[in-house]
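Chemist: Provided herewith: query10.pdb, PDB, C-alpha atoms.
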```pdb
ATOM      1  CA  MET A   1       0.000   0.000   0.000
ATOM      2  CA  MET A   2       1.193   3.497  -0.825
ATOM      3  CA  GLU A   3       0.751   6.212   1.784
ATOM      4  CA  ILE A   4      -0.138   9.446  -0.023
ATOM      5  CA  LYS A   5       1.581  11.987   2.197
ATOM      6  CA  GLY A   6       0.794  15.664   1.848
ATOM      7  CA  LEU A   7       4.203  17.073   2.762
ATOM      8  CA  ALA A   8       5.768  16.683  -0.687
ATOM      9  CA  VAL A   9       2.700  18.257  -2.301
ATOM     10  CA  ALA A  10       2.721  21.158   0.164
ATOM     11  CA  GLU A  11       6.450  21.740  -0.374
ATOM     12  CA  LYS A  12       5.944  21.966  -4.130
ATOM     13  CA  ILE A  13       3.185  24.549  -3.677
ATOM     14  CA  LYS A  14       5.343  26.486  -1.214
ATOM     15  CA  ALA A  15       8.243  26.487  -3.684
ATOM     16  CA  ASP A  16       5.953  28.046  -6.294
ATOM     17  CA  ILE A  17       4.771  30.619  -3.729
ATOM     18  CA  LYS A  18       8.356  31.565  -2.803
ATOM     19  CA  GLU A  19       9.203  32.031  -6.474
ATOM     20  CA  LYS A  20       6.225  34.351  -6.927
ATOM     21  CA  MET A  21       7.045  36.135  -3.650
ATOM     22  CA  HIS A  22      10.515  36.920  -5.012
ATOM     23  CA  ILE A  23       8.989  38.632  -8.040
ATOM     24  CA  ILE A  24       6.411  40.461  -5.920
ATOM     25  CA  SER A  25       8.997  41.744  -3.440
ATOM     26  CA  GLN A  26      11.069  43.189  -6.298
ATOM     27  CA  LYS A  27       8.047  45.336  -7.129
ATOM     28  CA  GLY A  28       7.973  46.683  -3.585
ATOM     29  CA  ILE A  29       4.784  44.861  -2.605
ATOM     30  CA  ASP A  30       4.459  43.343   0.866
ATOM     31  CA  PRO A  31       1.679  40.682   0.783
ATOM     32  CA  LYS A  32      -0.217  40.711   4.049
ATOM     33  CA  LEU A  33      -2.747  38.271   5.507
ATOM     34  CA  ALA A  34      -5.287  39.458   8.084
ATOM     35  CA  VAL A  35      -6.130  36.802  10.667
ATOM     36  CA  PHE A  36      -9.427  37.717  12.340
ATOM     37  CA  ARG A  37     -10.284  35.784  15.490
ATOM     38  CA  VAL A  38     -13.405  36.157  17.649
ATOM     39  CA  GLY A  39     -13.044  34.760  21.167
ATOM     40  CA  GLU A  40     -10.502  32.349  22.666
ATOM     41  CA  ARG A  41     -11.336  28.928  21.240
ATOM     42  CA  GLU A  42      -8.342  26.618  21.611
ATOM     43  CA  ASP A  43      -8.594  25.213  18.082
ATOM     44  CA  ASP A  44      -8.736  28.734  16.619
ATOM     45  CA  ILE A  45      -5.660  29.774  18.597
ATOM     46  CA  ALA A  46      -3.763  26.672  17.478
ATOM     47  CA  TYR A  47      -4.742  27.313  13.845
ATOM     48  CA  GLU A  48      -3.682  30.942  14.165
ATOM     49  CA  LYS A  49      -0.242  29.893  15.393
ATOM     50  CA  ARG A  50       0.176  27.503  12.442
ATOM     51  CA  LEU A  51      -0.830  30.184   9.956
ATOM     52  CA  ILE A  52       1.623  32.681  11.430
ATOM     53  CA  LYS A  53       4.421  30.096  11.382
ATOM     54  CA  ASN A  54       3.757  29.172   7.750
ATOM     55  CA  ALA A  55       3.434  32.821   6.725
ATOM     56  CA  LYS A  56       6.802  33.639   8.283
ATOM     57  CA  GLU A  57       8.415  30.766   6.368
ATOM     58  CA  LEU A  58       7.022  32.182   3.107
ATOM     59  CA  GLY A  59       7.897  35.809   3.883
ATOM     60  CA  ILE A  60       4.262  36.858   4.159
ATOM     61  CA  SER A  61       3.219  39.441   6.759
ATOM     62  CA  VAL A  62       0.341  38.750   9.145
ATOM     63  CA  GLU A  63      -1.928  41.201  10.920
ATOM     64  CA  ARG A  64      -3.888  39.788  13.860
ATOM     65  CA  ILE A  65      -7.324  41.137  14.791
ATOM     66  CA  LEU A  66      -8.935  39.870  17.973
ATOM     67  CA  ILE A  67     -12.300  40.787  19.448
ATOM     68  CA  GLY A  68     -14.364  39.162  22.193
ATOM     69  CA  ASP A  69     -17.503  37.059  21.869
ATOM     70  CA  CYS A  70     -19.386  39.672  23.845
ATOM     71  CA  ASP A  71     -18.267  42.693  21.830
ATOM     72  CA  SER A  72     -20.872  44.565  19.820
ATOM     73  CA  PHE A  73     -21.841  43.857  16.235
ATOM     74  CA  GLU A  74     -20.853  47.436  15.468
ATOM     75  CA  LYS A  75     -17.282  46.702  16.572
ATOM     76  CA  PHE A  76     -17.154  43.488  14.531
ATOM     77  CA  GLN A  77     -18.570  45.299  11.513
ATOM     78  CA  HIS A  78     -16.093  48.166  11.877
ATOM     79  CA  GLU A  79     -13.069  45.861  12.154
ATOM     80  CA  PHE A  80     -14.213  43.742   9.227
ATOM     81  CA  SER A  81     -14.972  46.725   7.012
ATOM     82  CA  THR A  82     -11.601  48.261   7.820
ATOM     83  CA  LEU A  83      -9.828  45.112   6.598
ATOM     84  CA  ASN A  84     -11.992  45.003   3.477
ATOM     85  CA  ASP A  85     -11.069  48.587   2.594
ATOM     86  CA  ASP A  86      -7.379  48.471   3.551
ATOM     87  CA  LYS A  87      -5.345  48.257   0.331
ATOM     88  CA  GLY A  88      -2.384  46.952   2.336
ATOM     89  CA  ILE A  89      -4.341  43.800   3.255
ATOM     90  CA  HIS A  90      -4.347  41.171   0.494
ATOM     91  CA  GLY A  91      -6.227  38.368   2.243
ATOM     92  CA  ILE A  92      -8.628  37.852   5.147
ATOM     93  CA  ILE A  93      -9.227  34.702   7.162
ATOM     94  CA  LEU A  94     -12.051  34.794   9.693
ATOM     95  CA  PHE A  95     -12.049  31.786  11.994
ATOM     96  CA  ARG A  96     -15.379  30.014  11.918
ATOM     97  CA  PRO A  97     -17.880  28.910  13.009
ATOM     98  CA  LEU A  98     -18.835  31.986  14.992
ATOM     99  CA  LYS A  99     -21.217  31.783  17.920
ATOM    100  CA  ASN A 100     -23.129  34.707  16.473
ATOM    101  CA  LYS A 101     -24.497  33.592  13.102
ATOM    102  CA  VAL A 102     -25.554  37.156  12.244
ATOM    103  CA  TRP A 103     -21.888  38.159  12.344
ATOM    104  CA  GLU A 104     -20.865  35.207  10.214
ATOM    105  CA  GLU A 105     -23.576  35.864   7.620
ATOM    106  CA  TYR A 106     -22.533  39.505   7.445
ATOM    107  CA  ALA A 107     -18.950  38.467   6.734
ATOM    108  CA  LYS A 108     -20.002  35.978   4.038
ATOM    109  CA  ASN A 109     -22.108  38.594   2.276
ATOM    110  CA  ASN A 110     -19.636  41.454   2.506
ATOM    111  CA  ILE A 111     -16.094  40.110   2.204
ATOM    112  CA  ASN A 112     -14.102  41.453  -0.730
ATOM    113  CA  PRO A 113     -13.826  38.492  -3.175
ATOM    114  CA  ASP A 114     -10.232  39.445  -4.004
ATOM    115  CA  LYS A 115      -9.317  39.028  -0.313
ATOM    116  CA  ASP A 116     -11.458  35.959   0.415
ATOM    117  CA  VAL A 117      -8.602  33.425   0.497
ATOM    118  CA  ASP A 118     -10.670  30.908   2.496
ATOM    119  CA  CYS A 119     -13.667  31.143   0.107
ATOM    120  CA  MET A 120     -16.015  32.181   2.879
ATOM    121  CA  GLY A 121     -18.089  34.394   0.591
ATOM    122  CA  TYR A 122     -20.413  33.199  -2.117
ATOM    123  CA  ASN A 123     -18.498  34.661  -5.088
ATOM    124  CA  ASN A 124     -15.444  32.407  -4.812
ATOM    125  CA  LEU A 125     -17.335  29.459  -3.370
ATOM    126  CA  ALA A 126     -19.581  29.410  -6.435
ATOM    127  CA  LYS A 127     -16.782  29.426  -9.023
ATOM    128  CA  PRO A 128     -16.477  25.623  -9.452
ATOM    129  CA  TYR A 129     -20.229  25.416 -10.145
ATOM    130  CA  LEU A 130     -19.757  27.946 -12.957
ATOM    131  CA  ASN A 131     -16.855  26.017 -14.508
ATOM    132  CA  LYS A 132     -14.343  28.608 -13.298
ATOM    133  CA  PHE A 133     -11.224  26.833 -12.080
ATOM    134  CA  SER A 134      -8.617  29.586 -11.815
ATOM    135  CA  GLY A 135      -7.769  32.220  -9.221
ATOM    136  CA  ILE A 136      -9.033  31.839  -5.667
ATOM    137  CA  LEU A 137     -10.715  28.446  -5.196
ATOM    138  CA  PRO A 138     -11.964  26.503  -2.127
ATOM    139  CA  ALA A 139      -8.831  25.346  -0.315
ATOM    140  CA  THR A 140      -9.669  21.829   0.862
ATOM    141  CA  PRO A 141     -11.196  20.643  -2.440
ATOM    142  CA  SER A 142      -8.192  22.164  -4.216
ATOM    143  CA  ALA A 143      -5.868  20.312  -1.839
ATOM    144  CA  CYS A 144      -7.532  16.995  -2.734
ATOM    145  CA  MET A 145      -7.065  17.737  -6.424
ATOM    146  CA  GLU A 146      -3.422  18.732  -5.955
ATOM    147  CA  ILE A 147      -2.700  15.463  -4.142
ATOM    148  CA  LEU A 148      -4.308  13.366  -6.862
ATOM    149  CA  LYS A 149      -2.402  15.301  -9.515
ATOM    150  CA  TYR A 150       0.958  15.089  -7.721
ATOM    151  CA  TYR A 151       0.732  11.306  -7.314
ATOM    152  CA  ASN A 152      -0.440  10.826 -10.913
ATOM    153  CA  ILE A 153      -3.774   9.289  -9.924
ATOM    154  CA  THR A 154      -5.771   9.025 -13.145
ATOM    155  CA  LEU A 155      -9.167  10.740 -13.008
ATOM    156  CA  LYS A 156     -10.455  10.543 -16.569
ATOM    157  CA  GLY A 157     -13.237   7.976 -16.718
ATOM    158  CA  LYS A 158     -12.669   6.827 -13.127
ATOM    159  CA  LYS A 159     -15.468   6.277 -10.626
ATOM    160  CA  VAL A 160     -15.124   8.589  -7.633
ATOM    161  CA  SER A 161     -17.292   8.477  -4.515
ATOM    162  CA  ILE A 162     -17.416  11.540  -2.261
ATOM    163  CA  ILE A 163     -18.906  10.939   1.174
ATOM    164  CA  ASN A 164     -19.726  14.572   1.837
ATOM    165  CA  ARG A 165     -22.288  16.901   0.266
ATOM    166  CA  SER A 166     -21.371  20.210   1.925
ATOM    167  CA  THR A 167     -20.943  23.432  -0.024
ATOM    168  CA  VAL A 168     -17.387  23.828   1.274
ATOM    169  CA  LEU A 169     -16.065  20.350   0.456
ATOM    170  CA  GLY A 170     -18.157  17.748  -1.339
ATOM    171  CA  LYS A 171     -20.026  19.842  -3.889
ATOM    172  CA  PRO A 172     -17.132  22.038  -5.149
ATOM    173  CA  LEU A 173     -14.814  19.021  -5.141
ATOM    174  CA  GLY A 174     -17.321  17.124  -7.246
ATOM    175  CA  MET A 175     -17.345  19.945  -9.812
ATOM    176  CA  MET A 176     -13.533  19.908  -9.942
ATOM    177  CA  LEU A 177     -13.514  16.150 -10.511
ATOM    178  CA  LEU A 178     -16.180  16.387 -13.204
ATOM    179  CA  ASN A 179     -14.006  18.974 -14.926
ATOM    180  CA  GLU A 180     -11.312  16.273 -15.106
ATOM    181  CA  ASN A 181     -13.832  13.852 -16.669
ATOM    182  CA  ALA A 182     -14.245  11.644 -13.595
ATOM    183  CA  THR A 183     -17.603   9.986 -12.912
ATOM    184  CA  VAL A 184     -18.736  11.303  -9.531
ATOM    185  CA  THR A 185     -21.168   9.849  -6.997
ATOM    186  CA  PHE A 186     -22.165  11.969  -3.994
ATOM    187  CA  CYS A 187     -22.903  10.008  -0.810
ATOM    188  CA  HIS A 188     -24.221  11.093   2.569
ATOM    189  CA  SER A 189     -25.891   9.888   5.772
ATOM    190  CA  LYS A 190     -29.040   8.798   3.907
ATOM    191  CA  THR A 191     -27.219   6.871   1.166
ATOM    192  CA  GLU A 192     -28.309   3.258   0.902
ATOM    193  CA  ASN A 193     -25.798   0.465   0.194
ATOM    194  CA  LEU A 194     -22.844   2.763   0.869
ATOM    195  CA  LYS A 195     -20.376  -0.122   1.062
ATOM    196  CA  GLU A 196     -21.451  -1.362  -2.338
ATOM    197  CA  ILE A 197     -20.898   2.104  -3.843
ATOM    198  CA  THR A 198     -17.489   2.723  -2.281
ATOM    199  CA  LYS A 199     -16.240  -0.790  -2.906
ATOM    200  CA  ASN A 200     -17.013  -0.386  -6.600
ATOM    201  CA  SER A 201     -15.282   2.992  -6.836
ATOM    202  CA  ASP A 202     -11.743   3.663  -8.002
ATOM    203  CA  ILE A 203     -11.316   6.646  -5.664
ATOM    204  CA  VAL A 204     -13.118   7.306  -2.388
ATOM    205  CA  ILE A 205     -13.025  10.699  -0.651
ATOM    206  CA  THR A 206     -14.276  10.733   2.933
ATOM    207  CA  GLY A 207     -15.386  13.744   4.935
ATOM    208  CA  ILE A 208     -17.933  12.695   7.542
ATOM    209  CA  GLY A 209     -16.138  13.544  10.795
ATOM    210  CA  LYS A 210     -16.358  10.088  12.414
ATOM    211  CA  ALA A 211     -13.112   8.641  13.724
ATOM    212  CA  GLY A 212     -12.126   5.378  12.036
ATOM    213  CA  TYR A 213     -15.608   4.866  10.593
ATOM    214  CA  PHE A 214     -14.438   3.285   7.340
ATOM    215  CA  ASP A 215     -12.659  -0.063   7.573
ATOM    216  CA  GLU A 216     -11.432  -2.396   4.825
ATOM    217  CA  SER A 217     -14.957  -3.659   4.153
ATOM    218  CA  TYR A 218     -15.719  -0.358   2.364
ATOM    219  CA  PHE A 219     -12.886  -0.676  -0.157
ATOM    220  CA  ASN A 220     -11.228  -2.980  -2.664
ATOM    221  CA  ASP A 221      -7.577  -3.865  -3.239
ATOM    222  CA  ASN A 222      -7.162  -1.036  -5.782
ATOM    223  CA  SER A 223      -8.980   1.698  -3.865
ATOM    224  CA  VAL A 224      -7.367   5.123  -3.629
ATOM    225  CA  ILE A 225      -8.611   6.875  -0.483
ATOM    226  CA  ILE A 226      -8.433  10.606   0.228
ATOM    227  CA  ASP A 227      -9.296  11.011   3.914
ATOM    228  CA  VAL A 228     -10.432  14.571   4.655
ATOM    229  CA  GLY A 229     -11.819  13.749   8.099
ATOM    230  CA  ILE A 230     -10.351  15.454  11.165
ATOM    231  CA  ASN A 231     -11.341  13.783  14.423
ATOM    232  CA  PHE A 232      -9.847  13.247  17.848
ATOM    233  CA  ASP A 233      -9.746  10.135  19.996
ATOM    234  CA  ASP A 234      -7.459   8.749  22.710
ATOM    235  CA  ASP A 235      -4.634   8.531  20.168
ATOM    236  CA  GLY A 236      -4.945  12.165  19.118
ATOM    237  CA  MET A 237      -5.919  13.368  15.638
ATOM    238  CA  VAL A 238      -7.342  10.669  13.374
ATOM    239  CA  GLY A 239      -9.241  10.525  10.106
ATOM    240  CA  ASP A 240     -12.492   8.924   8.986
ATOM    241  CA  VAL A 241     -10.599   5.852   7.771
ATOM    242  CA  LYS A 242      -9.326   3.199  10.149
ATOM    243  CA  ARG A 243      -5.602   3.308  10.724
ATOM    244  CA  ASN A 244      -3.268   0.532   9.570
ATOM    245  CA  MET A 245      -5.100  -0.465   6.413
ATOM    246  CA  GLY A 246      -2.049  -2.523   5.469
ATOM    247  CA  ASN A 247      -2.138  -3.895   1.921
ATOM    248  CA  LYS A 248      -5.923  -3.941   1.779
ATOM    249  CA  VAL A 249      -6.093  -0.839  -0.462
ATOM    250  CA  ARG A 250      -3.876   0.694  -3.125
ATOM    251  CA  ALA A 251      -3.245   4.055  -1.446
ATOM    252  CA  VAL A 252      -4.524   6.282   1.377
ATOM    253  CA  THR A 253      -3.770   9.726   2.774
ATOM    254  CA  PRO A 254      -2.703   9.751   6.444
ATOM    255  CA  VAL A 255      -4.286  11.907   9.144
ATOM    256  CA  PRO A 256      -2.447  13.965  10.205
ATOM    257  CA  GLY A 257       0.015  14.579   7.399
ATOM    258  CA  GLY A 258      -2.340  14.314   4.434
ATOM    259  CA  VAL A 259      -4.920  16.757   3.077
ATOM    260  CA  GLY A 260      -4.679  19.276   5.923
ATOM    261  CA  ILE A 261      -1.066  20.222   5.351
ATOM    262  CA  VAL A 262      -1.782  20.860   1.663
ATOM    263  CA  THR A 263      -4.871  22.944   2.464
ATOM    264  CA  SER A 264      -2.745  25.392   4.475
ATOM    265  CA  SER A 265      -0.453  25.912   1.487
ATOM    266  CA  ILE A 266      -3.413  26.510  -0.837
ATOM    267  CA  LEU A 267      -4.595  29.368   1.404
ATOM    268  CA  PHE A 268      -1.317  31.216   0.865
ATOM    269  CA  ARG A 269      -1.418  30.506  -2.867
ATOM    270  CA  ASN A 270      -4.885  32.057  -2.899
ATOM    271  CA  LEU A 271      -3.473  35.096  -1.106
ATOM    272  CA  LEU A 272      -1.186  35.877  -4.050
ATOM    273  CA  CYS A 273      -3.752  35.188  -6.774
ATOM    274  CA  ASN A 274      -4.869  38.776  -7.263
ATOM    275  CA  ILE A 275      -1.502  40.473  -6.906
ATOM    276  CA  ASP A 276      -0.389  41.526 -10.384
ATOM    277  CA  ILE A 277       3.161  40.595 -11.320
TER
END
```
Please re-express this file's structure in structure tokens.
Modeler:
Amino acid sequence: MMEIKGLAVAEKIKADIKEKMHIISQKGIDPKLAVFRVGEREDDIAYEKRLIKNAKELGISVERILIGDCDSFEKFQHEFSTLNDDKGIHGIILFRPLKNKVWEEYAKNNINPDKDVDCMGYNNLAKPYLNKFSGILPATPSACMEILKYYNITLKGKKVSIINRSTVLGKPLGMMLLNENATVTFCHSKTENLKEITKNSDIVITGIGKAGYFDESYFNDNSVIIDVGINFDDDGMVGDVKRNMGNKVRAVTPVPGGVGIVTSSILFRNLLCNIDI
């Protein structure tokens, strides 16, 4: 079995970013990412630290904005609008979900599409449905595609099952796969005979958020598995697919060390998309 690790894919993307950063810096432009955090959630803080670390490695500046859960909508709106209007800010990441859904909906409806590196707003999120596959694109679906491309996994004519139908993962990913002439089946919690579908697929992409849910009975000897699940159990972070699949499948992405590490790189690639060089 081949383990499809994300590190090599992420390093290739980072190398391309550094090359573009060199050209951008010669023009006197300082790309800057705004990291907007509401509250003190531990997972948000950990993610913020990773983003800052990766940005430093790439030579990208970061501006941190922090407000409290109990602050007013007017303060949130002011801070968000300021980032939107600031020409020195090239990308905005707002950590979600927010407790206040009114705030989150405001951000989705008002974020500048050129700065929406995480595809929170509807303009960039909708691009794959409109057959637009350049510029800023949803990061996690793009990461899945980059992994498949890097490891030369053939998509044309192949049967691909996606166990996720969300607007941020399953649906845009399906459009990207269709664009590569794959035959896509969307599965979800109400899907009947799921094992039969996945076992007869060439590629299976999981994103259900259930630790170790999928064992070898869901796959065949030639299955290629892209595990997008992020879960936590007594062993730490785990995916949707059972660990130690051995030689029971052709290839699988590990968790951690698979899709997630590539997704982070895609965010920074998105940041540079609308900077003219």
Chemist: Would you list the residues near (-18.5, 24.1, 1.0) (no more than 9 Å away, in the coordinates of the file, using all atoms listed in the file) as a ChimeraX atom specification?
Modeler: /A:119-120,125,138,141,165-173
Chemist: Measuring atom to atom with all atoms listed in the file, identify which of A:Ile203, A:Met1, A:Val262, A:Met145 is nearest to Met175 in chain A.
Modeler: A:Met145
Chemist: On this structure, the PyMOL selection byres ((chain A and resi 105-112) around 9) would catch which residues? List them as a ChimeraX atom specification, sorted by chain and number.
Modeler: /A:77,80-81,84-85,91-92,94,100-104,113-116,119-122
Chemist: Could you make a table, as a tab-separated table, of the residues of range 138-198 of chain A that have an atom within 8 Å of an atom of range 253-260 of chain A, each with its nearest atom pair and distance in Å to one decimal, counting only C-alpha atoms, in chain and number order?
Modeler:
```
residue	atom	partner	partner_atom	distance
A:Thr140	CA	A:Val259	CA	7.3
A:Ala143	CA	A:Val259	CA	6.1
A:Cys144	CA	A:Val259	CA	6.4
A:Ile147	CA	A:Val259	CA	7.7
```
Chemist: I'd like the neighbourhood of Ala139 in chain A as JSON, numbers by chain, where a residue qualifies if any of its atoms comes within 7 Å (using all atoms listed in the file), though same-chain residues fewer than 3 positions away should be ignored.
Modeler: {"A": [118, 142, 143, 263, 266, 267]}
Chemist: Please dump the current selection as a compact mmCIF listing (two decimals), keeping the file's coordinate frame; keep C-alpha atoms.
Modeler:
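The resulting out-v3.txt:
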```
# COMPACT_ATOMS: atom_id res chain seq x y z
CA ASP A 118 -10.67 30.91 2.50
CA SER A 142 -8.19 22.16 -4.22
CA ALA A 143 -5.87 20.31 -1.84
CA THR A 263 -4.87 22.94 2.46
CA ILE A 266 -3.41 26.51 -0.84
CA LEU A 267 -4.60 29.37 1.40
```
Chemist: Kindly give the distance, in Å, that separates CA of Ile93 in chain A and CA of Met237 in chain A, rounded to a single decimal.
Modeler: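 Distance reported for this atom pair: 23.2 Å.
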Chemist: So which one's closest to Leu33 in chain A, A:Val238, A:Ala211, A:Gly88, A:Gly229? Using only C-alpha atoms, please.
Modeler: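 Distance minimum relative to Leu33 in chain A lands on A:Gly88.
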Chemist: Smallest atom-to-atom distance to Thr206 in chain A: which of A:Asn123, A:Asn164, A:Ser223, A:Asn247, using only C-alpha atoms?
Modeler: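 Ranked by minimum distance to Thr206 in chain A, first place goes to A:Asn164.
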Chemist: Can you give me, as a list in words, the residues this file yields under the PyMOL selection byres ((chain A and resi 44) around 12)?
Modeler: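 Evaluating the PyMOL selection byres ((chain A and resi 44) around 12) on this file yields Val35, Phe36, Arg37, Val38, Gly39, Glu40, Arg41, Glu42, Asp43, Ile45, Ala46, Tyr47, Glu48, Lys49, Arg50, Leu51, Leu66, Ile93, Leu94, Phe95, Arg96, Pro97 and Leu98 of chain A.
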Chemist: What residues come out when you apply the PyMOL selection byres ((chain A and resi 245) around 12) to this file, written as a PyMOL selection string?
Modeler: chain A and resi 1-3+212+214-221+223-225+241-244+246-254
Chemist: Between CA of Ile163 in chain A and CA of Lys199 in chain A, what is the spacing in Å?
Modeler: 12.7 Å
Chemist: Separation of CA of Asn231 in chain A and CA of Cys187 in chain A, in Å?
Modeler: 19.5 Å
Chemist: Tell me which of A:Ile197, A:Val9, A:Leu83, A:Leu271 sits closest to Asp30 in chain A, counting only C-alpha atoms.
Modeler: A:Leu271
Chemist: Choose the residue, out of A:Asp16, A:Asp71, A:Glu180, A:Asp234, that has the smallest atom-to-atom separation from Leu148 in chain A; count all atoms listed in the file.
Modeler: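 Of A:Asp16, A:Asp71, A:Glu180, A:Asp234, the one nearest Leu148 in chain A is A:Glu180, counting all atoms listed in the file.
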Chemist: Padding 5 Å on each side, edges along x, y and z: where is the centre of the box around the listed atoms of range 55-73 of chain A, and how long are its edges in Å to one decimal? Output it as lines of an AutoDock Vina configuration file.
Modeler:
```
center_x = -6.7
center_y = 37.7
center_z = 13.5
size_x = 40.3
size_y = 23.8
size_z = 30.7
```
Chemist: Residues at most 10 Å from Ser134 in chain A, counting all atoms listed in the file, excluding those fewer than 4 positions away in the same chain, as a PyMOL selection string?
Modeler: chain A and resi 127-128+270+273
